[in-house]
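With mmCIF, C-alpha atoms and all ligand atoms inside, this is protein_31.cif:
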```cif
data_coords
loop_
_atom_site.label_atom_id
_atom_site.label_comp_id
_atom_site.auth_asym_id
_atom_site.auth_seq_id
_atom_site.Cartn_x
_atom_site.Cartn_y
_atom_site.Cartn_z
CA MET A 1 85.60 -1.23 18.41
CA THR A 2 88.25 -1.76 21.03
CA ALA A 3 89.90 -5.14 21.53
CA GLN A 4 89.77 -6.96 24.88
CA THR A 5 92.76 -5.67 26.86
CA ASP A 6 94.95 -7.59 29.29
CA THR A 7 94.37 -7.37 33.06
CA PRO A 8 97.75 -7.82 34.75
CA PRO A 9 97.91 -9.41 38.22
CA ALA A 10 97.90 -7.05 41.19
CA ARG A 11 101.20 -8.28 42.69
CA LYS A 12 104.38 -6.52 41.70
CA PRO A 13 106.66 -8.38 39.26
CA ARG A 14 110.07 -9.61 40.44
CA GLY A 15 113.44 -9.01 38.84
CA ARG A 16 115.16 -5.87 37.77
CA LEU A 17 113.12 -2.97 36.43
CA PHE A 18 113.99 -2.55 32.74
CA PHE A 19 113.71 1.17 32.37
CA ALA A 20 113.15 2.27 28.78
CA ASN A 21 111.74 5.74 29.27
CA PRO A 22 113.29 8.57 27.27
CA GLY A 23 113.89 10.57 30.44
CA PRO A 24 114.67 10.30 33.17
CA THR A 25 117.03 7.50 32.16
CA ASN A 26 118.98 4.67 33.79
CA ILE A 27 121.61 5.82 36.29
CA PRO A 28 124.80 3.71 36.24
CA ASP A 29 125.61 2.16 39.61
CA SER A 30 128.90 4.05 39.82
CA VAL A 31 127.06 7.35 39.30
CA LEU A 32 124.48 6.46 41.95
CA LEU A 33 127.26 5.64 44.40
CA ALA A 34 129.12 8.84 43.54
CA CYS A 35 125.98 10.87 44.30
CA ALA A 36 125.82 9.35 47.79
CA HIS A 37 128.01 12.02 49.33
CA ASN A 38 127.60 13.95 52.54
CA SER A 39 127.17 17.72 52.32
CA VAL A 40 130.27 19.84 51.97
CA ASP A 41 130.70 23.59 51.85
CA PHE A 42 130.24 24.40 48.19
CA ASN A 43 132.76 27.22 48.54
CA ASP A 44 135.35 24.81 49.87
CA ASP A 45 138.41 24.62 47.57
CA ASP A 46 138.16 20.83 47.14
CA PHE A 47 134.55 20.98 46.05
CA PHE A 48 135.21 23.98 43.86
CA ALA A 49 137.96 22.10 42.03
CA LEU A 50 135.58 19.19 41.35
CA TYR A 51 132.89 21.63 40.24
CA ALA A 52 135.27 23.43 37.86
CA ASP A 53 136.27 20.04 36.37
CA CYS A 54 132.61 19.22 35.81
CA VAL A 55 131.90 22.50 34.03
CA ALA A 56 134.97 21.96 31.81
CA GLY A 57 133.74 18.43 31.00
CA LEU A 58 130.26 19.68 30.23
CA LYS A 59 131.77 22.15 27.76
CA ARG A 60 133.62 19.31 26.03
CA VAL A 61 130.34 17.41 25.63
CA LEU A 62 128.61 20.55 24.32
CA LYS A 63 131.64 21.20 22.07
CA THR A 64 131.85 24.78 23.26
CA ARG A 65 134.40 27.10 24.82
CA GLN A 66 131.76 29.61 25.90
CA GLU A 67 130.03 30.43 29.17
CA VAL A 68 127.82 27.77 30.82
CA PHE A 69 125.27 28.75 33.49
CA LEU A 70 123.69 26.08 35.69
CA TYR A 71 120.46 26.05 37.70
CA THR A 72 118.89 23.86 40.36
CA ALA A 73 115.86 23.16 38.17
CA SER A 74 114.71 20.59 35.63
CA GLY A 75 114.97 21.40 31.91
CA HIS A 76 112.00 23.76 32.15
CA GLY A 77 114.11 26.05 34.32
CA ALA A 78 116.83 26.26 31.66
CA TRP A 79 114.15 26.98 29.04
CA GLU A 80 112.96 29.88 31.18
CA ALA A 81 116.55 31.08 31.68
CA SER A 82 117.09 31.09 27.91
CA LEU A 83 114.08 33.36 27.38
CA VAL A 84 114.21 35.81 30.29
CA ASN A 85 117.91 36.53 29.82
CA LEU A 86 117.78 37.30 26.11
CA PHE A 87 114.56 39.07 25.29
CA SER A 88 112.37 42.07 26.09
CA PRO A 89 108.58 42.24 26.42
CA GLY A 90 106.91 41.84 23.02
CA ASP A 91 109.99 40.48 21.22
CA ARG A 92 109.21 37.97 18.49
CA LEU A 93 110.48 34.39 18.45
CA LEU A 94 110.35 31.92 15.60
CA MET A 95 109.48 28.49 17.02
CA LEU A 96 110.13 25.55 14.71
CA GLU A 97 107.25 23.18 15.42
CA THR A 98 108.35 19.69 16.36
CA GLY A 99 105.77 18.40 18.86
CA TYR A 100 104.84 18.53 22.52
CA PHE A 101 108.11 20.14 23.62
CA SER A 102 108.18 22.91 21.01
CA GLU A 103 104.58 23.66 22.03
CA GLY A 104 105.63 23.80 25.68
CA TRP A 105 108.56 26.13 25.03
CA ALA A 106 106.30 28.35 22.86
CA GLN A 107 103.64 28.52 25.58
CA MET A 108 106.28 29.48 28.12
CA ALA A 109 107.45 32.29 25.83
CA ARG A 110 103.88 33.60 25.46
CA ASP A 111 103.34 33.44 29.23
CA LEU A 112 106.49 35.53 29.65
CA GLY A 113 105.14 38.22 27.31
CA LEU A 114 106.89 37.30 24.06
CA ALA A 115 105.24 37.01 20.64
CA VAL A 116 105.65 33.59 19.07
CA GLN A 117 105.57 32.93 15.34
CA THR A 118 105.53 29.24 14.45
CA VAL A 119 106.90 27.40 11.44
CA ALA A 120 104.23 24.70 11.28
CA ALA A 121 105.27 21.13 10.60
CA ASP A 122 103.90 17.64 10.20
CA TRP A 123 104.93 16.01 13.51
CA ARG A 124 105.71 12.75 11.70
CA ARG A 125 107.93 14.27 8.98
CA GLY A 126 109.55 17.19 10.76
CA VAL A 127 109.84 20.81 9.77
CA GLU A 128 110.78 21.61 6.15
CA MET A 129 113.96 23.67 5.93
CA ALA A 130 112.48 25.54 2.96
CA ALA A 131 109.70 26.77 5.26
CA VAL A 132 112.27 27.94 7.82
CA ARG A 133 114.18 29.82 5.12
CA ALA A 134 110.95 31.34 3.80
CA ALA A 135 109.92 32.60 7.26
CA LEU A 136 113.34 34.17 7.80
CA ALA A 137 113.48 35.69 4.30
CA ALA A 138 110.01 37.20 4.73
CA ASP A 139 111.12 38.97 7.91
CA ARG A 140 112.94 41.83 6.17
CA ALA A 141 112.59 44.11 9.18
CA HIS A 142 114.34 41.51 11.37
CA ALA A 143 111.53 41.52 13.91
CA ILE A 144 112.40 37.93 14.80
CA LYS A 145 114.91 38.08 17.65
CA GLY A 146 115.38 34.37 18.26
CA VAL A 147 114.86 31.06 16.46
CA CYS A 148 114.04 28.13 18.76
CA ALA A 149 114.85 24.59 17.65
CA VAL A 150 114.25 21.42 19.67
CA HIS A 151 117.20 19.25 18.56
CA ASN A 152 115.46 16.04 19.59
CA GLU A 153 111.67 16.07 19.99
CA THR A 154 111.20 13.52 22.75
CA SER A 155 107.45 13.19 22.14
CA THR A 156 107.60 12.22 18.46
CA GLY A 157 111.03 10.60 18.17
CA LEU A 158 112.23 13.00 15.47
CA MET A 159 115.47 14.95 15.46
CA LEU A 160 115.90 18.37 13.87
CA PRO A 161 119.22 19.15 12.16
CA VAL A 162 120.29 22.29 14.02
CA GLU A 163 123.19 22.83 11.61
CA GLU A 164 120.65 23.24 8.79
CA VAL A 165 118.80 25.87 10.82
CA ARG A 166 122.13 27.70 11.17
CA ALA A 167 122.56 27.45 7.39
CA ALA A 168 119.07 28.90 6.85
CA LEU A 169 119.96 31.89 9.07
CA ASP A 170 123.24 32.39 7.18
CA GLU A 171 121.69 32.06 3.72
CA THR A 172 119.02 34.63 4.52
CA GLY A 173 121.49 36.91 6.34
CA HIS A 174 119.15 36.93 9.34
CA PRO A 175 120.72 38.13 12.62
CA ALA A 176 118.34 36.31 15.02
CA LEU A 177 119.83 34.33 17.89
CA LEU A 178 119.74 30.55 17.50
CA LEU A 179 118.47 28.64 20.55
CA ALA A 180 118.68 24.85 20.67
CA ASP A 181 117.05 22.53 23.18
CA THR A 182 119.50 19.63 23.51
CA ILE A 183 117.83 18.11 26.58
CA SER A 184 117.29 14.66 25.02
CA SER A 185 120.08 14.74 22.41
CA LEU A 186 123.18 15.83 24.33
CA ALA A 187 125.57 12.90 24.87
CA SER A 188 123.28 10.70 22.75
CA PHE A 189 123.98 12.04 19.27
CA ASP A 190 126.21 14.75 17.91
CA PHE A 191 125.73 18.36 18.90
CA ARG A 192 128.33 21.05 18.12
CA MET A 193 127.56 24.32 19.81
CA ASP A 194 130.49 26.40 18.54
CA GLU A 195 130.83 24.87 15.07
CA TRP A 196 127.11 25.36 14.40
CA ARG A 197 127.23 28.80 16.04
CA VAL A 198 124.38 28.03 18.38
CA ASP A 199 123.81 31.03 20.66
CA VAL A 200 122.11 29.21 23.51
CA ALA A 201 122.12 25.45 24.12
CA VAL A 202 119.70 24.17 26.75
CA GLY A 203 120.42 20.90 28.56
CA GLY A 204 119.43 18.90 31.63
CA SER A 205 120.87 16.27 33.95
CA GLN A 206 118.48 13.33 33.67
CA LYS A 207 118.66 12.22 30.04
CA GLY A 208 121.89 11.55 28.13
CA LEU A 209 124.00 12.58 31.12
CA MET A 210 122.58 9.62 33.11
CA LEU A 211 122.07 11.57 36.34
CA PRO A 212 119.13 12.07 38.67
CA THR A 213 116.84 14.96 37.79
CA GLY A 214 117.90 18.15 39.50
CA PHE A 215 120.02 20.50 37.48
CA SER A 216 119.86 22.06 34.04
CA PHE A 217 122.05 24.50 32.19
CA THR A 218 122.43 26.87 29.28
CA ALA A 219 125.60 27.37 27.29
CA VAL A 220 125.71 30.93 25.98
CA SER A 221 127.59 32.54 23.07
CA GLU A 222 129.20 35.99 23.19
CA LYS A 223 126.52 37.25 20.82
CA ALA A 224 123.87 36.03 23.24
CA MET A 225 125.70 37.65 26.18
CA ALA A 226 125.57 40.96 24.28
CA ALA A 227 121.81 40.50 23.73
CA HIS A 228 121.45 39.66 27.43
CA ARG A 229 122.89 43.03 28.44
CA GLU A 230 120.10 44.81 26.48
CA ALA A 231 117.25 42.42 27.39
CA ARG A 232 114.53 43.73 29.70
CA LEU A 233 112.32 40.79 30.72
CA PRO A 234 112.22 40.56 34.53
CA ARG A 235 114.46 37.83 35.99
CA HIS A 236 116.10 37.04 39.27
CA TYR A 237 116.93 33.39 40.02
CA PHE A 238 118.01 32.85 36.41
CA ASN A 239 119.84 36.16 35.94
CA TRP A 240 123.17 35.55 34.18
CA THR A 241 124.58 38.91 35.25
CA ASN A 242 124.06 37.98 38.92
CA MET A 243 125.73 34.63 38.26
CA LEU A 244 128.81 36.17 36.66
CA GLY A 245 129.53 37.91 39.97
CA ARG A 246 129.64 34.60 41.86
CA ARG A 247 132.58 32.27 42.28
CA HIS A 248 130.71 29.40 40.58
CA ARG A 249 129.42 31.70 37.83
CA SER A 250 126.07 29.88 38.30
CA PHE A 251 123.44 29.00 40.92
CA VAL A 252 121.81 31.93 42.63
CA GLY A 253 121.65 29.96 45.90
CA THR A 254 122.99 26.60 47.09
CA VAL A 255 124.77 24.39 44.57
CA PRO A 256 123.21 20.88 44.30
CA ILE A 257 126.42 19.32 45.62
CA ALA A 258 125.59 15.60 45.34
CA LEU A 259 124.79 15.93 41.63
CA PHE A 260 128.29 17.20 40.91
CA TYR A 261 129.91 14.12 42.45
CA GLY A 262 127.61 12.18 40.11
CA LEU A 263 128.36 14.40 37.11
CA LYS A 264 132.09 13.93 37.55
CA GLU A 265 131.55 10.16 37.33
CA SER A 266 129.10 10.32 34.40
CA LEU A 267 131.53 12.53 32.46
CA ARG A 268 134.28 10.03 33.27
CA LEU A 269 132.13 7.20 31.87
CA ILE A 270 131.27 9.16 28.72
CA GLU A 271 134.88 10.14 28.05
CA GLU A 272 136.20 6.66 28.85
CA GLU A 273 133.85 5.22 26.21
CA GLY A 274 134.53 8.20 23.92
CA LEU A 275 131.81 10.55 22.65
CA ASP A 276 131.93 9.08 19.14
CA GLN A 277 131.51 5.56 20.53
CA VAL A 278 128.64 6.77 22.72
CA PHE A 279 126.95 8.13 19.58
CA ALA A 280 127.65 4.91 17.64
CA ARG A 281 126.10 2.84 20.44
CA HIS A 282 122.97 4.99 20.39
CA ALA A 283 122.77 4.73 16.60
CA ARG A 284 123.03 0.95 16.63
CA LEU A 285 120.49 0.46 19.43
CA ALA A 286 118.11 2.85 17.65
CA ARG A 287 118.47 0.94 14.35
CA ALA A 288 117.56 -2.29 16.13
CA VAL A 289 114.48 -0.77 17.74
CA ARG A 290 113.34 0.61 14.39
CA ALA A 291 113.93 -2.75 12.69
CA CYS A 292 111.73 -4.37 15.31
CA VAL A 293 108.90 -1.84 14.98
CA GLN A 294 109.05 -2.02 11.19
CA ARG A 295 108.54 -5.78 11.43
CA TRP A 296 105.61 -5.35 13.85
CA SER A 297 103.96 -2.96 11.40
CA GLY A 298 102.97 -5.85 9.14
CA ASN A 299 99.34 -7.03 9.50
CA ASP A 300 98.38 -3.41 10.24
CA GLY A 301 100.39 -3.49 13.45
CA PRO A 302 102.04 -0.69 15.42
CA ARG A 303 104.34 1.43 13.26
CA LEU A 304 107.07 4.02 13.49
CA PHE A 305 105.60 7.43 14.23
CA CYS A 306 108.55 8.92 12.32
CA THR A 307 107.91 8.67 8.56
CA ASN A 308 111.05 10.57 7.54
CA PRO A 309 114.05 8.21 7.79
CA ALA A 310 116.55 11.09 7.76
CA ARG A 311 114.96 12.49 10.92
CA CYS A 312 114.31 9.37 13.01
CA SER A 313 115.89 9.91 16.43
CA ASP A 314 118.76 7.88 17.86
CA SER A 315 117.60 8.49 21.43
CA VAL A 316 113.87 7.62 21.37
CA THR A 317 111.47 5.71 19.13
CA THR A 318 107.81 6.66 19.20
CA VAL A 319 105.49 3.81 18.21
CA LEU A 320 102.04 4.56 16.76
CA MET A 321 99.30 2.09 17.69
CA PRO A 322 96.78 0.82 15.14
CA PRO A 323 93.42 2.62 15.42
CA GLY A 324 91.19 1.25 18.18
CA HIS A 325 94.09 -0.05 20.29
CA ASP A 326 95.21 1.73 23.44
CA ALA A 327 98.93 2.33 23.92
CA GLU A 328 98.35 2.61 27.67
CA ALA A 329 97.11 -1.00 27.86
CA VAL A 330 100.34 -2.21 26.24
CA ARG A 331 102.46 -0.10 28.58
CA ARG A 332 100.51 -1.34 31.61
CA THR A 333 101.03 -4.99 30.65
CA ALA A 334 104.75 -4.44 30.02
CA LEU A 335 105.19 -2.73 33.40
CA GLN A 336 102.88 -4.72 35.63
CA ARG A 337 103.64 -8.19 34.25
CA PHE A 338 107.24 -7.87 33.10
CA ASN A 339 108.69 -4.91 35.02
CA VAL A 340 109.49 -3.06 31.79
CA SER A 341 108.79 0.68 31.80
CA THR A 342 108.19 2.54 28.55
CA GLY A 343 107.18 6.16 27.94
CA GLY A 344 103.58 7.18 27.30
CA GLY A 345 102.17 9.50 24.66
CA LEU A 346 102.46 13.18 25.56
CA GLY A 347 99.76 15.79 25.02
CA ARG A 348 97.61 15.11 21.99
CA LEU A 349 99.48 11.83 21.36
CA GLY A 350 98.22 10.36 24.67
CA GLY A 351 96.91 6.79 24.24
CA GLN A 352 97.91 6.69 20.57
CA VAL A 353 101.63 6.12 20.97
CA PHE A 354 104.14 4.68 23.38
CA ARG A 355 107.82 5.54 23.43
CA ILE A 356 110.89 3.36 23.77
CA GLY A 357 113.78 5.39 25.13
CA HIS A 358 117.19 4.17 24.03
CA LEU A 359 119.48 6.79 25.48
CA GLY A 360 121.96 6.89 28.28
CA ASP A 361 123.23 3.83 30.11
CA LEU A 362 121.85 1.12 27.81
CA ASN A 363 123.12 -1.91 25.94
CA GLU A 364 121.92 -4.66 23.58
CA PRO A 365 120.39 -7.07 26.14
CA MET A 366 118.46 -4.23 27.78
CA VAL A 367 116.99 -3.28 24.40
CA ILE A 368 116.21 -6.90 23.49
CA GLY A 369 114.56 -7.45 26.88
CA THR A 370 112.42 -4.38 26.46
CA LEU A 371 111.37 -5.27 22.91
CA GLY A 372 110.57 -8.85 23.99
CA ALA A 373 108.34 -7.64 26.81
CA VAL A 374 106.57 -5.18 24.52
CA GLU A 375 106.00 -7.91 21.92
CA MET A 376 104.43 -10.13 24.60
CA ALA A 377 102.31 -7.18 25.71
CA LEU A 378 101.07 -6.74 22.12
CA ARG A 379 100.01 -10.41 22.04
CA LEU A 380 98.34 -10.26 25.45
CA ASN A 381 96.35 -7.21 24.40
CA GLY A 382 95.25 -8.66 21.08
CA VAL A 383 97.07 -5.93 19.12
CA PRO A 384 97.56 -7.04 15.51
CA HIS A 385 101.18 -7.16 14.37
CA ALA A 386 103.55 -9.23 12.27
CA PRO A 387 105.57 -11.63 14.41
CA GLY A 388 109.35 -11.58 14.50
CA GLY A 389 110.06 -8.05 15.72
CA VAL A 390 112.61 -9.17 18.29
CA GLU A 391 114.17 -11.46 15.67
CA ALA A 392 114.58 -8.44 13.36
CA ALA A 393 116.27 -6.52 16.20
CA LEU A 394 118.63 -9.46 16.85
CA GLY A 395 119.56 -9.46 13.16
CA SER A 396 120.24 -5.72 13.19
CA LEU A 397 122.36 -5.92 16.33
CA THR A 398 124.31 -8.92 15.04
CA ASP A 399 125.04 -7.09 11.79
CA SER A 400 126.20 -4.05 13.78
CA ALA A 401 128.45 -6.23 15.95
CA ARG A 402 130.05 -7.77 12.84
CA GLY A 403 130.69 -4.22 11.59
C1 LIG B 501 112.54 16.38 28.98
C2 LIG B 501 112.52 17.49 28.01
C3 LIG B 501 112.24 18.82 28.38
C4 LIG B 501 111.79 19.18 29.75
O1 LIG B 501 112.75 18.93 30.69
P1 LIG B 501 112.34 18.71 32.23
O2 LIG B 501 113.65 18.30 32.82
O3 LIG B 501 111.32 17.61 32.24
O4 LIG B 501 111.82 19.99 32.74
C5 LIG B 501 112.32 19.79 27.43
N1 LIG B 501 112.66 19.52 26.17
C6 LIG B 501 112.93 18.27 25.77
C7 LIG B 501 113.29 18.01 24.33
C8 LIG B 501 112.87 17.21 26.67
O5 LIG B 501 113.11 15.96 26.26
#
```

In structure tokens, write the structure found in this file.
Ligand SMILES: *Cc1c(COP(=O)(O)O)cnc(C)c1O
Amino acid sequence: MTAQTDTPPARKPRGRLFFANPGPTNIPDSVLLACAHNSVDFNDDDFFALYADCVAGLKRVLKTRQEVFLYTASGHGAWEASLVNLFSPGDRLLMLETGYFSEGWAQMARDLGLAVQTVAADWRRGVEMAAVRAALAADRAHAIKGVCAVHNETSTGLMLPVEEVRAALDETGHPALLLADTISSLASFDFRMDEWRVDVAVGGSQKGLMLPTGFSFTAVSEKAMAAHREARLPRHYFNWTNMLGRRHRSFVGTVPIALFYGLKESLRLIEEEGLDQVFARHARLARAVRACVQRWSGNDGPRLFCTNPARCSDSVTTVLMPPGHDAEAVRRTALQRFNVSTGGGLGRLGGQVFRIGHLGDLNEPMVIGTLGAVEMALRLNGVPHAPGGVEAALGSLTDSARG
């Protein structure tokens, strides 16, 4: 039996849109203004200097000194670049199952002619490292050429400790390349490309970097560059060898100029705050959101999708609805009555969950406003829950502020 759902009025709500999607994310005003730049010749020395600064800044955020290749494409383009540059037809990949995005990356690999072996996982608990080690240890012939790990699974709200995947490769003496999707973790919580010896890190512009959608990138280790030289999958737009011959060492074609004016400003904001403080802010906003959802879960209310506290993500919280209640009705009420946008359930989670993004340009009042609107939407849709979720978030944030 489904409860009576709310019918919001047809007129658009007033006031600022509170945007709590886990990507794209809020764009700071100064970044928006910086992007408003007329075209320049991307080979011009002035632009090239700004571009080179941006790439250097991106490397600091990735914590790498290695090569970074950029593409005019959303994150999917960088996924494709990571596969076509490294592998040959029929090569085997080990995909660590996390959720909708690991499934998407795996399907892309199959479509490109690769064989995908999966380490299955409970989407709510995350992959067991023992299962990763077992899969690697069983592969005595080293048929597995790459291990793919989604650092933050944006559909489920679980993170995957990439450094533990590195340890599993080391312990089993397995030579496979390590690929990490950092699209919704980079500049939100810690990622260390070189220290964790990640061979390819995949990232995009519109999540933690607080930019419009439009470019993505891969950082590439020397070991991965060596694999690239042997790899035989067809490639053209994403071909790293072609890029190395260009002045920008990236972009087969026109550079998305406006985004680099924006990137310079977003890197300035991140480094002015300090990466560690950026991470601390994400951690404290995430704790408050989880405190709120945990309170709601009383009376058989909505609960945290993540059941493994060590893996709950600092950039997105996925909220599981009680059976018989539609997450889309709650999202519709929040958006159409209160101008608060949340993320919907992806793939098989559609209708069962909604997602509160807490990454990028976000602070306490924005989180409180979002949680307040969602709590009203729960009431208006007759969704059972324990009251006091927002109060629990206020308590958590106050404790964090006291330190
Ligand atoms: C958003 C996202 C992608 C896809 O990126 P697009 O920019 O939408 O193509 C891939 N992986 C993860 C973890 C993401 O969050």

Tell me, as a JSON list (two decimals) with C-alpha atoms, keeping the file's coordinate frame, which residues lie within 10 Å of Ile183 (chain A), counting only C-alpha atoms; anything in the same chain fewer than 5 positions away does not count.
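File written: result.json
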```
[["chain", "number", "residue", "atom", "x", "y", "z"],
["A", 23, "GLY", "CA", 113.89, 10.57, 30.44],
["A", 74, "SER", "CA", 114.71, 20.59, 35.63],
["A", 75, "GLY", "CA", 114.97, 21.40, 31.91],
["A", 76, "HIS", "CA", 112.00, 23.76, 32.15],
["A", 78, "ALA", "CA", 116.83, 26.26, 31.66],
["A", 79, "TRP", "CA", 114.15, 26.98, 29.04],
["A", 150, "VAL", "CA", 114.25, 21.42, 19.67],
["A", 151, "HIS", "CA", 117.20, 19.25, 18.56],
["A", 152, "ASN", "CA", 115.46, 16.04, 19.59],
["A", 153, "GLU", "CA", 111.67, 16.07, 19.99],
["A", 154, "THR", "CA", 111.20, 13.52, 22.75],
["A", 188, "SER", "CA", 123.28, 10.70, 22.75],
["A", 201, "ALA", "CA", 122.12, 25.45, 24.12],
["A", 202, "VAL", "CA", 119.70, 24.17, 26.75],
["A", 203, "GLY", "CA", 120.42, 20.90, 28.56],
["A", 204, "GLY", "CA", 119.43, 18.90, 31.63],
["A", 205, "SER", "CA", 120.87, 16.27, 33.95],
["A", 206, "GLN", "CA", 118.48, 13.33, 33.67],
["A", 207, "LYS", "CA", 118.66, 12.22, 30.04],
["A", 208, "GLY", "CA", 121.89, 11.55, 28.13],
["A", 209, "LEU", "CA", 124.00, 12.58, 31.12],
["A", 216, "SER", "CA", 119.86, 22.06, 34.04],
["A", 217, "PHE", "CA", 122.05, 24.50, 32.19]]
```

Find the axis-aligned box for ligand LIG 501 (chain B), covering all its listed atoms and adding 6 Å on each side, and write its centre and edge lengths in Å to one decimal as lines of an AutoDock Vina configuration file.
```
center_x = 112.5
center_y = 18.0
center_z = 28.6
size_x = 14.3
size_y = 16.0
size_z = 20.5
```

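Taking CA of Asp276 (chain A) and CA of Thr218 (chain A) as the two end points, the separation is 22.6 Å.
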
Give me the residues near Ala377 (chain A) as a VMD selection string, where near means some atom within 12 Å (using only C-alpha atoms) and where sequence neighbours in that chain fewer than 4 positions away do not count. chain A and resid 5 to 8 326 to 342 370 to 373 381 to 385

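Take the candidates A:Ser82, A:Asn308, A:Ser185, A:Thr118 and check each one against ligand LIG 501 (chain B) using all atoms listed in the file; the shortest distance goes to A:Ser185.
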
- request: List the neighbours of region 48-65 of chain A out to 9 Å using all atoms listed in the file; skip same-chain residues closer than 4 positions along the sequence, and give me the result as a list in words.
  value: Phe42, Asn43, Asp44, Leu186, Ala187, Asp190, Phe191, Arg192, Met193, Asp194, Glu195, Ala201, Ala219, Ser221, Arg247, His248, Ile257, Phe260, Tyr261, Leu263, Lys264, Leu267, Arg268, Ile270, Glu271 and Leu275 of chain A

Take the residues from that selection and write them out as a PDB file, in the frame of the given file, keeping C-alpha atoms.
```pdb
ATOM      1  CA  PHE A  42     130.240  24.400  48.190  1.00  0.00           C
ATOM      2  CA  ASN A  43     132.760  27.220  48.540  1.00  0.00           C
ATOM      3  CA  ASP A  44     135.350  24.810  49.870  1.00  0.00           C
ATOM      4  CA  LEU A 186     123.180  15.830  24.330  1.00  0.00           C
ATOM      5  CA  ALA A 187     125.570  12.900  24.870  1.00  0.00           C
ATOM      6  CA  ASP A 190     126.210  14.750  17.910  1.00  0.00           C
ATOM      7  CA  PHE A 191     125.730  18.360  18.900  1.00  0.00           C
ATOM      8  CA  ARG A 192     128.330  21.050  18.120  1.00  0.00           C
ATOM      9  CA  MET A 193     127.560  24.320  19.810  1.00  0.00           C
ATOM     10  CA  ASP A 194     130.490  26.400  18.540  1.00  0.00           C
ATOM     11  CA  GLU A 195     130.830  24.870  15.070  1.00  0.00           C
ATOM     12  CA  ALA A 201     122.120  25.450  24.120  1.00  0.00           C
ATOM     13  CA  ALA A 219     125.600  27.370  27.290  1.00  0.00           C
ATOM     14  CA  SER A 221     127.590  32.540  23.070  1.00  0.00           C
ATOM     15  CA  ARG A 247     132.580  32.270  42.280  1.00  0.00           C
ATOM     16  CA  HIS A 248     130.710  29.400  40.580  1.00  0.00           C
ATOM     17  CA  ILE A 257     126.420  19.320  45.620  1.00  0.00           C
ATOM     18  CA  PHE A 260     128.290  17.200  40.910  1.00  0.00           C
ATOM     19  CA  TYR A 261     129.910  14.120  42.450  1.00  0.00           C
ATOM     20  CA  LEU A 263     128.360  14.400  37.110  1.00  0.00           C
ATOM     21  CA  LYS A 264     132.090  13.930  37.550  1.00  0.00           C
ATOM     22  CA  LEU A 267     131.530  12.530  32.460  1.00  0.00           C
ATOM     23  CA  ARG A 268     134.280  10.030  33.270  1.00  0.00           C
ATOM     24  CA  ILE A 270     131.270   9.160  28.720  1.00  0.00           C
ATOM     25  CA  GLU A 271     134.880  10.140  28.050  1.00  0.00           C
ATOM     26  CA  LEU A 275     131.810  10.550  22.650  1.00  0.00           C
TER      27      LEU A 275
END
```
